[in-house]
Each structure stands twice: as structure tokens, then as C-alpha cells.
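Containing compact mmCIF, N, CA and C atoms: my_file.txt.
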# COMPACT_ATOMS: atom_id res chain seq x y z
N GLN K 1 19.76 83.29 197.67
CA GLN K 1 21.17 83.08 197.95
C GLN K 1 22.01 83.86 196.95
N VAL K 2 22.85 84.73 197.45
CA VAL K 2 23.71 85.53 196.59
C VAL K 2 25.03 84.81 196.39
N GLN K 3 25.44 84.71 195.16
CA GLN K 3 26.74 84.12 194.86
C GLN K 3 27.59 85.12 194.10
N LEU K 4 28.83 85.24 194.53
CA LEU K 4 29.79 86.12 193.88
C LEU K 4 30.98 85.27 193.43
N VAL K 5 31.37 85.43 192.19
CA VAL K 5 32.48 84.65 191.66
C VAL K 5 33.51 85.60 191.06
N GLU K 6 34.71 85.57 191.62
CA GLU K 6 35.79 86.41 191.12
C GLU K 6 36.62 85.66 190.08
N SER K 7 37.21 86.40 189.19
CA SER K 7 38.13 85.84 188.21
C SER K 7 39.09 86.93 187.74
N GLY K 8 40.13 86.52 187.03
CA GLY K 8 41.06 87.48 186.45
C GLY K 8 42.38 87.62 187.17
N GLY K 9 42.52 86.96 188.31
CA GLY K 9 43.79 87.04 189.01
C GLY K 9 44.89 86.29 188.27
N GLY K 10 46.10 86.45 188.75
CA GLY K 10 47.22 85.76 188.13
C GLY K 10 48.54 86.35 188.55
N LEU K 11 49.58 85.96 187.82
CA LEU K 11 50.93 86.43 188.08
C LEU K 11 51.29 87.49 187.04
N VAL K 12 51.79 88.62 187.52
CA VAL K 12 52.15 89.70 186.60
C VAL K 12 53.40 90.40 187.13
N GLN K 13 54.18 90.95 186.24
CA GLN K 13 55.37 91.69 186.66
C GLN K 13 54.99 93.07 187.16
N ALA K 14 55.82 93.59 188.02
CA ALA K 14 55.60 94.96 188.51
C ALA K 14 55.50 95.91 187.32
N GLY K 15 54.55 96.83 187.41
CA GLY K 15 54.29 97.76 186.32
C GLY K 15 53.22 97.29 185.37
N GLY K 16 52.84 96.03 185.48
CA GLY K 16 51.83 95.47 184.61
C GLY K 16 50.41 95.75 185.07
N SER K 17 49.46 95.13 184.37
CA SER K 17 48.05 95.36 184.65
C SER K 17 47.29 94.04 184.72
N LEU K 18 46.22 94.07 185.47
CA LEU K 18 45.26 92.97 185.53
C LEU K 18 43.87 93.57 185.65
N ARG K 19 42.90 92.82 185.18
CA ARG K 19 41.50 93.24 185.33
C ARG K 19 40.75 92.12 186.01
N LEU K 20 40.27 92.39 187.19
CA LEU K 20 39.49 91.42 187.95
C LEU K 20 38.01 91.59 187.65
N SER K 21 37.30 90.48 187.67
CA SER K 21 35.86 90.50 187.46
C SER K 21 35.17 89.84 188.64
N CYS K 22 34.01 90.37 188.98
CA CYS K 22 33.17 89.78 190.02
C CYS K 22 31.78 89.62 189.42
N SER K 23 31.39 88.40 189.21
CA SER K 23 30.08 88.11 188.65
C SER K 23 29.13 87.72 189.77
N ALA K 24 27.98 88.38 189.79
CA ALA K 24 27.00 88.14 190.84
C ALA K 24 25.80 87.39 190.27
N SER K 25 25.16 86.62 191.14
CA SER K 25 23.90 85.97 190.77
C SER K 25 22.80 87.01 190.89
N GLY K 26 22.32 87.49 189.78
CA GLY K 26 21.33 88.55 189.81
C GLY K 26 21.96 89.89 189.51
N SER K 27 21.15 90.90 189.42
CA SER K 27 21.61 92.23 189.06
C SER K 27 22.40 92.86 190.18
N ILE K 28 23.54 93.46 189.81
CA ILE K 28 24.36 94.14 190.81
C ILE K 28 23.70 95.42 191.30
N PHE K 29 22.71 95.88 190.57
CA PHE K 29 22.05 97.12 190.96
C PHE K 29 21.13 96.91 192.15
N SER K 30 20.94 95.66 192.56
CA SER K 30 20.17 95.39 193.77
C SER K 30 21.02 95.57 195.02
N PHE K 31 22.32 95.73 194.84
CA PHE K 31 23.21 95.89 195.97
C PHE K 31 23.43 97.38 196.25
N SER K 32 23.50 97.73 197.51
CA SER K 32 23.74 99.12 197.85
C SER K 32 25.19 99.51 197.57
N ALA K 33 26.07 98.55 197.65
CA ALA K 33 27.48 98.81 197.35
C ALA K 33 28.17 97.50 197.02
N MET K 34 29.19 97.60 196.16
CA MET K 34 30.05 96.46 195.88
C MET K 34 31.49 96.91 196.03
N SER K 35 32.27 96.04 196.60
CA SER K 35 33.64 96.42 196.94
C SER K 35 34.62 95.31 196.61
N TRP K 36 35.86 95.70 196.50
CA TRP K 36 36.97 94.77 196.43
C TRP K 36 37.82 94.94 197.67
N TYR K 37 38.13 93.83 198.30
CA TYR K 37 39.05 93.79 199.42
C TYR K 37 40.25 92.93 199.02
N ARG K 38 41.31 93.09 199.76
CA ARG K 38 42.45 92.19 199.55
C ARG K 38 43.05 91.78 200.88
N LEU K 39 43.62 90.60 200.87
CA LEU K 39 44.27 90.06 202.05
C LEU K 39 45.66 89.60 201.65
N ALA K 40 46.64 90.26 202.23
CA ALA K 40 48.04 89.91 201.95
C ALA K 40 48.60 89.13 203.12
N PRO K 41 49.57 88.28 202.87
CA PRO K 41 50.16 87.49 203.96
C PRO K 41 50.70 88.39 205.08
N GLY K 42 50.29 88.08 206.30
CA GLY K 42 50.78 88.83 207.44
C GLY K 42 50.14 90.18 207.64
N LYS K 43 49.13 90.49 206.82
CA LYS K 43 48.47 91.79 206.94
C LYS K 43 46.99 91.61 207.18
N GLN K 44 46.36 92.68 207.62
CA GLN K 44 44.92 92.66 207.81
C GLN K 44 44.21 92.88 206.48
N ARG K 45 42.99 92.43 206.42
CA ARG K 45 42.19 92.63 205.23
C ARG K 45 42.03 94.12 204.98
N GLU K 46 42.17 94.52 203.72
CA GLU K 46 42.15 95.94 203.36
C GLU K 46 41.06 96.19 202.33
N LEU K 47 40.28 97.24 202.57
CA LEU K 47 39.30 97.67 201.59
C LEU K 47 40.04 98.40 200.47
N VAL K 48 39.89 97.92 199.25
CA VAL K 48 40.62 98.48 198.12
C VAL K 48 39.78 99.51 197.37
N ALA K 49 38.55 99.15 197.06
CA ALA K 49 37.71 100.06 196.27
C ALA K 49 36.25 99.70 196.46
N THR K 50 35.40 100.71 196.36
CA THR K 50 33.95 100.54 196.50
C THR K 50 33.23 101.32 195.41
N VAL K 51 32.16 100.72 194.90
CA VAL K 51 31.24 101.45 194.02
C VAL K 51 29.84 101.29 194.59
N THR K 52 29.13 102.40 194.73
CA THR K 52 27.79 102.35 195.30
C THR K 52 26.74 102.20 194.20
N SER K 53 25.51 101.99 194.65
CA SER K 53 24.42 101.87 193.68
C SER K 53 24.23 103.16 192.90
N GLY K 54 24.66 104.28 193.47
CA GLY K 54 24.59 105.55 192.80
C GLY K 54 25.81 105.86 191.95
N ALA K 55 26.68 104.86 191.80
CA ALA K 55 27.89 104.94 190.98
C ALA K 55 29.00 105.78 191.62
N GLY K 56 28.84 106.10 192.90
CA GLY K 56 29.94 106.75 193.59
C GLY K 56 31.06 105.76 193.85
N THR K 57 32.29 106.23 193.85
CA THR K 57 33.42 105.34 194.06
C THR K 57 34.32 105.86 195.18
N ASN K 58 35.03 104.94 195.78
CA ASN K 58 35.97 105.28 196.83
C ASN K 58 37.13 104.31 196.76
N TYR K 59 38.34 104.82 197.03
CA TYR K 59 39.54 104.00 196.91
C TYR K 59 40.44 104.14 198.12
N ALA K 60 41.17 103.08 198.41
CA ALA K 60 42.23 103.17 199.40
C ALA K 60 43.32 104.09 198.86
N ASP K 61 43.95 104.82 199.75
CA ASP K 61 45.00 105.75 199.32
C ASP K 61 46.10 105.03 198.54
N SER K 62 46.36 103.80 198.92
CA SER K 62 47.46 103.05 198.31
C SER K 62 47.21 102.69 196.84
N VAL K 63 45.96 102.79 196.39
CA VAL K 63 45.66 102.40 195.01
C VAL K 63 45.11 103.55 194.17
N LYS K 64 44.89 104.69 194.78
CA LYS K 64 44.33 105.83 194.04
C LYS K 64 45.21 106.19 192.85
N GLY K 65 44.56 106.40 191.73
CA GLY K 65 45.28 106.74 190.51
C GLY K 65 45.78 105.54 189.74
N ARG K 66 45.73 104.36 190.34
CA ARG K 66 46.19 103.14 189.67
C ARG K 66 45.06 102.14 189.41
N PHE K 67 44.11 102.07 190.35
CA PHE K 67 43.01 101.11 190.24
C PHE K 67 41.71 101.85 189.91
N THR K 68 40.85 101.16 189.18
CA THR K 68 39.53 101.71 188.87
C THR K 68 38.49 100.62 189.04
N ILE K 69 37.45 100.93 189.81
CA ILE K 69 36.33 100.01 189.98
C ILE K 69 35.20 100.52 189.10
N ASP K 70 34.57 99.60 188.37
CA ASP K 70 33.46 100.02 187.52
C ASP K 70 32.50 98.87 187.33
N ARG K 71 31.29 99.24 186.97
CA ARG K 71 30.24 98.23 186.80
C ARG K 71 30.13 97.76 185.36
N GLY K 72 30.87 98.37 184.47
CA GLY K 72 30.85 97.93 183.10
C GLY K 72 29.45 98.03 182.50
N THR K 73 29.22 97.26 181.46
CA THR K 73 27.93 97.28 180.78
C THR K 73 27.06 96.09 181.14
N ALA K 74 27.69 95.06 181.71
CA ALA K 74 26.92 93.88 182.12
C ALA K 74 26.19 94.20 183.42
N LYS K 75 25.03 93.71 183.58
CA LYS K 75 24.22 94.04 184.75
C LYS K 75 24.61 93.25 185.99
N ASN K 76 25.46 92.25 185.82
CA ASN K 76 25.78 91.41 186.97
C ASN K 76 27.27 91.32 187.26
N THR K 77 28.06 92.23 186.72
CA THR K 77 29.51 92.13 186.87
C THR K 77 30.12 93.47 187.27
N VAL K 78 31.03 93.39 188.22
CA VAL K 78 31.81 94.54 188.64
C VAL K 78 33.28 94.22 188.36
N TYR K 79 34.01 95.23 187.93
CA TYR K 79 35.40 95.02 187.54
C TYR K 79 36.34 95.85 188.43
N LEU K 80 37.55 95.37 188.51
CA LEU K 80 38.61 96.17 189.13
C LEU K 80 39.78 96.17 188.17
N GLN K 81 40.00 97.32 187.53
CA GLN K 81 41.13 97.48 186.63
C GLN K 81 42.33 97.92 187.45
N MET K 82 43.38 97.15 187.38
CA MET K 82 44.56 97.42 188.19
C MET K 82 45.75 97.69 187.27
N ASN K 83 46.25 98.90 187.33
CA ASN K 83 47.39 99.30 186.50
C ASN K 83 48.59 99.65 187.38
N SER K 84 49.75 99.69 186.77
CA SER K 84 50.98 100.04 187.48
C SER K 84 51.12 99.22 188.76
N LEU K 85 50.93 97.95 188.62
CA LEU K 85 50.94 97.07 189.79
C LEU K 85 52.30 97.04 190.46
N LYS K 86 52.24 96.93 191.78
CA LYS K 86 53.43 96.88 192.61
C LYS K 86 53.46 95.57 193.38
N ALA K 87 54.63 95.20 193.87
CA ALA K 87 54.76 93.97 194.63
C ALA K 87 53.82 93.97 195.84
N GLU K 88 53.64 95.14 196.42
CA GLU K 88 52.77 95.23 197.60
C GLU K 88 51.29 95.09 197.29
N ASP K 89 50.94 95.00 196.02
CA ASP K 89 49.55 94.72 195.65
C ASP K 89 49.24 93.23 195.69
N THR K 90 50.25 92.42 195.93
CA THR K 90 50.06 90.98 195.99
C THR K 90 49.10 90.59 197.11
N GLY K 91 48.22 89.66 196.82
CA GLY K 91 47.28 89.18 197.83
C GLY K 91 46.11 88.47 197.18
N VAL K 92 45.22 88.02 198.02
CA VAL K 92 43.97 87.44 197.54
C VAL K 92 42.92 88.55 197.53
N TYR K 93 42.32 88.73 196.39
CA TYR K 93 41.32 89.79 196.21
C TYR K 93 39.92 89.18 196.29
N TYR K 94 39.10 89.79 197.14
CA TYR K 94 37.75 89.32 197.38
C TYR K 94 36.73 90.36 196.95
N CYS K 95 35.67 89.87 196.36
CA CYS K 95 34.53 90.72 196.01
C CYS K 95 33.53 90.68 197.17
N ASN K 96 32.97 91.83 197.47
CA ASN K 96 31.97 91.93 198.54
C ASN K 96 30.77 92.71 198.03
N ALA K 97 29.58 92.28 198.44
CA ALA K 97 28.36 92.98 198.07
C ALA K 97 27.50 93.18 199.31
N MET K 98 26.89 94.35 199.39
CA MET K 98 26.04 94.69 200.54
C MET K 98 24.61 94.87 200.06
N ARG K 99 23.67 94.24 200.78
CA ARG K 99 22.26 94.41 200.46
C ARG K 99 21.44 94.13 201.70
N GLY K 100 20.60 95.07 202.05
CA GLY K 100 19.68 94.86 203.16
C GLY K 100 20.37 94.54 204.47
N GLY K 101 21.53 95.12 204.67
CA GLY K 101 22.24 94.87 205.92
C GLY K 101 23.05 93.59 205.93
N PHE K 102 23.00 92.86 204.85
CA PHE K 102 23.78 91.64 204.75
C PHE K 102 24.99 91.85 203.85
N SER K 103 26.04 91.12 204.20
CA SER K 103 27.30 91.21 203.46
C SER K 103 27.60 89.86 202.83
N TYR K 104 27.92 89.88 201.55
CA TYR K 104 28.19 88.66 200.81
C TYR K 104 29.61 88.69 200.26
N TRP K 105 30.24 87.50 200.21
CA TRP K 105 31.63 87.41 199.78
C TRP K 105 31.82 86.35 198.70
N GLY K 106 32.77 86.64 197.84
CA GLY K 106 33.21 85.64 196.89
C GLY K 106 34.31 84.80 197.50
N GLN K 107 34.83 83.88 196.69
CA GLN K 107 35.85 82.94 197.19
C GLN K 107 37.26 83.51 197.06
N GLY K 108 37.42 84.58 196.32
CA GLY K 108 38.72 85.22 196.19
C GLY K 108 39.49 84.77 194.96
N THR K 109 40.35 85.66 194.50
CA THR K 109 41.23 85.34 193.38
C THR K 109 42.63 85.87 193.71
N GLN K 110 43.64 85.05 193.46
CA GLN K 110 45.01 85.40 193.83
C GLN K 110 45.64 86.33 192.80
N VAL K 111 46.24 87.38 193.31
CA VAL K 111 47.03 88.29 192.48
C VAL K 111 48.46 88.29 193.01
N THR K 112 49.40 87.99 192.16
CA THR K 112 50.80 87.97 192.56
C THR K 112 51.58 88.88 191.61
N VAL K 113 52.25 89.87 192.21
CA VAL K 113 53.04 90.82 191.43
C VAL K 113 54.51 90.57 191.74
N SER K 114 55.25 90.21 190.73
CA SER K 114 56.68 89.95 190.92
C SER K 114 57.48 91.22 190.68
N SER K 115 58.46 91.41 191.54
CA SER K 115 59.28 92.64 191.43
C SER K 115 60.53 92.40 190.61
As C-alpha cells, please, write out the structure in this file.
Amino acid sequence: QVQLVESGGGLVQAGGSLRLSCSASGSIFSFSAMSWYRLAPGKQRELVATVTSGAGTNYADSVKGRFTIDRGTAKNTVYLQMNSLKAEDTGVYYCNAMRGGFSYWGQGTQVTVSS
């Protein structure tokens, strides 16, 4: 059973920064990819950033240059560094992991950016 636990969300002013963490049960290197998604009120779920097992990364156009996904030094944690936050970045951020054709989700962490 894979468990993903997100943390690091909160309330921040526009222009500020937050660092989200996703801790997995077991090594993250067993996953083919790990991603961050977000769900904003009235909007569809959006893929924000992905890091593959080969350390390749991909970002939504809306966050390029502001957000960075990385695996850090811990073997079971993936981070999302969010800088220059905007009001439109507000939403619930979910961690996702892919392995063997299965998709796993965390419970989400709320990010609120005040303008």
C-alpha cells in the first residue's frame, strides 16, 4: 500500500514563497514519475509539475520559471518550491505517484495566496 502525505501549504501574500513536501511510504525511486497537481475552485484539476525516475522535469506553462520540483536528498520525499506566488496559484495541491500502471494520491494541502 502506497501512502503519500503532503505538507507545507498555508496562507501567503502574493509574491511570497512556499515549499510543499510529499512524503512517500518507501523510496520515491520506485516510482516512474511523481507529480504535483492542483485543484482550484471552479476549475479542473491541473498538472503543475512532474519529475521522472530519470530526474527529467516538466512544468505547466503557468508556473514555469516560478516553481521547481525536486527530489531533494531524502529518498522518500519530493518537494515543490513555489516562488513569486500569485492569487491564481490558490488551490489544493495534490501529490501523485505512478508505479506499474497504478496511480497513487495524497490527501492534498491547501495553498492560499492573498492579493
Quiz item: Among chain K, which ones does DSSP place in helix (DSSP H, G or I), written as a ChimeraX atom specification?
Solution: /K:28-30,87-89
Quiz prompt | Nearest residue to Gly26 in chain K from the set K:Ala87, K:Val2, K:Met82, K:Leu39 (distances using all atoms listed in the file) | solution =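 Selected residue with least distance to Gly26 in chain K: K:Val2.
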Quiz prompt | Nearby residues (only N, CA and C atoms) at most 6.5 Å from range 113-115 of chain K, same-chain spacing under 4 positions excluded, as a VMD selection string | solution = chain K and resid 10 to 14 85 to 87 89 to 91
Quiz item: What is the atom C of Ser25 in chain K-CA of Asn83 in chain K distance in Å, reported with one decimal?
Solution: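 That distance, rounded to one decimal, is 27.8 Å.
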Quiz item: With only C-alpha atoms as the basis for distance, which of K:Ser27, K:Gln3, K:Asn58, K:Ser17 is at the shortest distance from Thr73 in chain K?
Solution: K:Ser27
Self-check item: Nearest candidate to Ser103 in chain K (options K:Ser35, K:Thr57, K:Ser7, K:Ser23; using only C-alpha atoms)
Solution: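 Among K:Ser35, K:Thr57, K:Ser7, K:Ser23, it is K:Ser35 that comes nearest to Ser103 in chain K.
Shortest separation to Val78 in chain K among K:Ala24, K:Ser30, K:Gly106, K:Arg45 occurs at residue K:Ala24, atoms counted being only N, CA and C atoms.
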Since fewer atoms than expected are present, regenerate N, CA, C and O atoms for range 7-22 of chain K and write them as a short mmCIF file (atom, residue, chain, number, x, y, z; two decimals), keeping the file's coordinate frame.
data_model
loop_
_atom_site.label_atom_id
_atom_site.label_comp_id
_atom_site.auth_asym_id
_atom_site.auth_seq_id
_atom_site.Cartn_x
_atom_site.Cartn_y
_atom_site.Cartn_z
N SER K 7 37.21 86.40 189.19
CA SER K 7 38.13 85.84 188.21
C SER K 7 39.09 86.93 187.74
O SER K 7 38.86 88.12 188.03
N GLY K 8 40.13 86.52 187.03
CA GLY K 8 41.06 87.48 186.45
C GLY K 8 42.38 87.62 187.17
O GLY K 8 43.26 88.35 186.72
N GLY K 9 42.52 86.96 188.31
CA GLY K 9 43.79 87.04 189.01
C GLY K 9 44.89 86.29 188.27
O GLY K 9 44.64 85.59 187.29
N GLY K 10 46.10 86.45 188.75
CA GLY K 10 47.22 85.76 188.13
C GLY K 10 48.54 86.35 188.55
O GLY K 10 48.62 87.12 189.51
N LEU K 11 49.58 85.96 187.82
CA LEU K 11 50.93 86.43 188.08
C LEU K 11 51.29 87.49 187.04
O LEU K 11 51.12 87.27 185.84
N VAL K 12 51.79 88.62 187.52
CA VAL K 12 52.15 89.70 186.60
C VAL K 12 53.40 90.40 187.13
O VAL K 12 53.65 90.40 188.36
N GLN K 13 54.18 90.95 186.24
CA GLN K 13 55.37 91.69 186.66
C GLN K 13 54.99 93.07 187.16
O GLN K 13 53.95 93.63 186.75
N ALA K 14 55.82 93.59 188.02
CA ALA K 14 55.60 94.96 188.51
C ALA K 14 55.50 95.91 187.32
O ALA K 14 56.26 95.81 186.36
N GLY K 15 54.55 96.83 187.41
CA GLY K 15 54.29 97.76 186.32
C GLY K 15 53.22 97.29 185.37
O GLY K 15 52.74 98.07 184.53
N GLY K 16 52.84 96.03 185.48
CA GLY K 16 51.83 95.47 184.61
C GLY K 16 50.41 95.75 185.07
O GLY K 16 50.19 96.49 186.04
N SER K 17 49.46 95.13 184.37
CA SER K 17 48.05 95.36 184.65
C SER K 17 47.29 94.04 184.72
O SER K 17 47.68 93.05 184.10
N LEU K 18 46.22 94.07 185.47
CA LEU K 18 45.26 92.97 185.53
C LEU K 18 43.87 93.57 185.65
O LEU K 18 43.71 94.68 186.19
N ARG K 19 42.90 92.82 185.18
CA ARG K 19 41.50 93.24 185.33
C ARG K 19 40.75 92.12 186.01
O ARG K 19 40.61 91.01 185.46
N LEU K 20 40.27 92.39 187.19
CA LEU K 20 39.49 91.42 187.95
C LEU K 20 38.01 91.59 187.65
O LEU K 20 37.55 92.72 187.44
N SER K 21 37.30 90.48 187.67
CA SER K 21 35.86 90.50 187.46
C SER K 21 35.17 89.84 188.64
O SER K 21 35.68 88.87 189.20
N CYS K 22 34.01 90.37 188.98
CA CYS K 22 33.17 89.78 190.02
C CYS K 22 31.78 89.62 189.42
O CYS K 22 31.10 90.62 189.16
#
